[in-house]
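Below is one structure, written out as structure tokens; comments come after it.
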Amino acid sequence: MTVRVLLFGAEAQAVGAAGVEVLVADGARVEDVRLALASQHPGLMWSMGHARLSRNHVFAVADEVVSATDEIALIGLVSGG
Amino acid sequence: MSVRVTIVEGSVGGAGGMAPLGGMVPAVRSHADSPDVGVDRRAGVGAVLVFEGIVRGLEAGELIAGLEYEVYEPMATRQMEMIARGLVEELGLVSVRVWHSRGRVGGGECSLRVVVRSAHRKEGLVAMERFIDALKRDVPIWKRVVGRG
């Protein structure tokens with residue numbers, strides 16, 4: 001299945017887009033999406049050490065199962081305030 | 001006990017704000033000027049803490065026009081509400097009210113305003129520090145400098 005991952009801040013600037021798509025197997029987990037991001041979008045590799053993934057507006061844990069309709073986002077280092 | 005979070009376009013106003021947003025958030029000069037800081041006697045409030053984050057006009061010694069805030073709004077709102085609600089429950093606060101900017105905020109203007117109301121100062125002070133620490137760690141908001149020099 002194809003999962004769209006929203007990007008913000010430095011990650012969005014790095015790839016010049018507000019989101020990318022990754023191809024993962026049906027039943028994939030959050031960690032699979034992370035691995036797919038790194039392999040299918042090498043321009044995001046630098047952020048994989050610190051960025052977190054969210055699923056439907058909540059920080060996700062590695063073994064959560066992902067569906068194609070989920071809103072997935074890559075949350076890099078934040079700087080609000 | 002209540003929690004409310006608002007994302008606003010541009011400056012949130014406040015004491016440091018030079019250009020309040022359409023009067024949505026009145027500049028704070030005293031409690032009498034600020035309905036959201038005002039205290040209902042029946043709520044048992046003994047302390048009102050107001051924090052305002054101001055955009056520095058200088059960044060690494062260089063003048064800047066301001067900051068541009070990018071907000072992943074549904075998640076940022078949810079995260080701030082969750083953090084505030086946790087503090088309200090844990091510390092027994094009366095309320096937490098938060099405004100955060102999105103878009104451009106000029107140097108000297110206010111981009112974050114937090115109002116914590118509690119029965120006693122101690123839990124209010126603890127809550128304020130913990131809320132802002134959590135905001136800077138776990139709320140999806142990003143900023144970048146605009147207009148250097």
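Residue numbering restarts at 1 for every chain of the structure tokens, chains are lettered A, B, ... in their displayed order, and ligands are numbered from 1 as they appear.
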Mind checking DSSP for chain B and telling me the strand (DSSP E) residues as JSON, numbers by chain? {"B": [2, 3, 4, 5, 6, 7, 8, 9, 47, 48, 49, 50, 51, 52, 53, 54, 58, 59, 62, 63, 64, 65, 66, 67, 68, 69, 70, 71, 95, 96, 97, 98, 99, 100, 101, 102, 103, 104, 105, 106, 110, 111, 112, 113, 114, 115, 116, 117, 118, 141, 142, 143, 144, 145, 146, 147, 148]}
Contacts between chain A and chain B, please, where a residue of chain B counts if it comes within 7 Å (with only C-alpha atoms); show its shortest atom pair and distance in Å to one decimal, rows by chain and ascending number, as JSON lines.
{"residue": "B:Gly53", "atom": "CA", "partner": "A:Gly81", "partner_atom": "CA", "distance": 6.2}
{"residue": "B:Pro74", "atom": "CA", "partner": "A:His57", "partner_atom": "CA", "distance": 6.6}
{"residue": "B:Met75", "atom": "CA", "partner": "A:His57", "partner_atom": "CA", "distance": 4.4}
{"residue": "B:Ser111", "atom": "CA", "partner": "A:Gly81", "partner_atom": "CA", "distance": 6.6}
{"residue": "B:Leu112", "atom": "CA", "partner": "A:Gly81", "partner_atom": "CA", "distance": 5.6}
{"residue": "B:Leu135", "atom": "CA", "partner": "A:Gly80", "partner_atom": "CA", "distance": 6.7}
{"residue": "B:Lys136", "atom": "CA", "partner": "A:Gly80", "partner_atom": "CA", "distance": 5.5}
{"residue": "B:Arg137", "atom": "CA", "partner": "A:Val78", "partner_atom": "CA", "distance": 6.5}
{"residue": "B:Val139", "atom": "CA", "partner": "A:Val78", "partner_atom": "CA", "distance": 6.8}
{"residue": "B:Pro140", "atom": "CA", "partner": "A:Val78", "partner_atom": "CA", "distance": 5.7}
{"residue": "B:Ile141", "atom": "CA", "partner": "A:Gly80", "partner_atom": "CA", "distance": 4.8}
{"residue": "B:Trp142", "atom": "CA", "partner": "A:Ser79", "partner_atom": "CA", "distance": 4.8}
{"residue": "B:Lys143", "atom": "CA", "partner": "A:Ser79", "partner_atom": "CA", "distance": 6.0}
Suppose you want the space between atom CA of Arg29 of chain A and atom CA of Pro42 of chain A; what is it in Å?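 Atom CA of Pro42 of chain A lies at a distance of 19.8 Å from atom CA of Arg29 of chain A.
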To test your reading of the structure, identify every residue in chain B that backbone DSSP assigns to helix (DSSP H, G or I), and report it as number ranges by chain. B: 31-33, 41-43, 73-91, 121-138
Taking into account only C-alpha atoms, which residue in the set A:Trp46, A:Ala60, A:Asp70, A:Ala18 is nearest to Val30 of chain A?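 Under the stated criterion, the closest residue is A:Ala60.
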Ala134 of chain B surroundings by only C-alpha atoms, 9 Å radius, close-in-sequence under 4 positions cut, as a list in words: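 Residues near the query, excluding close chain neighbours: Met80, Ile83, Glu129, Arg130, Asp138 and Val139 of chain B.
Here atom CA of Glu9 of chain B is placed at a distance of 10.4 Å from atom CA of Val71 of chain B.
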Taking into account only C-alpha atoms, which residue in the set A:Leu35, A:Val15, A:Ala28, A:Leu23 is nearest to Val66 of chain A? A:Ala28
Show me, as number ranges by chain, the residues that have an atom within 8 Å of Ser67 of chain A when counting only C-alpha atoms, minus same-chain residues fewer than 4 positions from it. A: 3, 26-28
Please measure the separation of atom CA of Ala43 of chain B and atom CA of Ile132 of chain B, giving the value in Å to one decimal.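 For atom CA of Ala43 of chain B relative to atom CA of Ile132 of chain B, the distance reads 24.1 Å.
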Quick one: residues within 8 Å of segment 91-108 of chain B, only C-alpha atoms, excluding same-chain residues fewer than 2 positions away - as number ranges by chain? A: 81; B: 1-12, 16-18, 43-45, 54-58, 64-71, 84, 87-89, 110-119, 123-124, 127
Which of these, B:Ala47, B:Arg144, B:Arg42, B:Gly13, has the shortest distance to Lys122 of chain B once you count only C-alpha atoms?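 Selected residue with least distance to Lys122 of chain B: B:Ala47.
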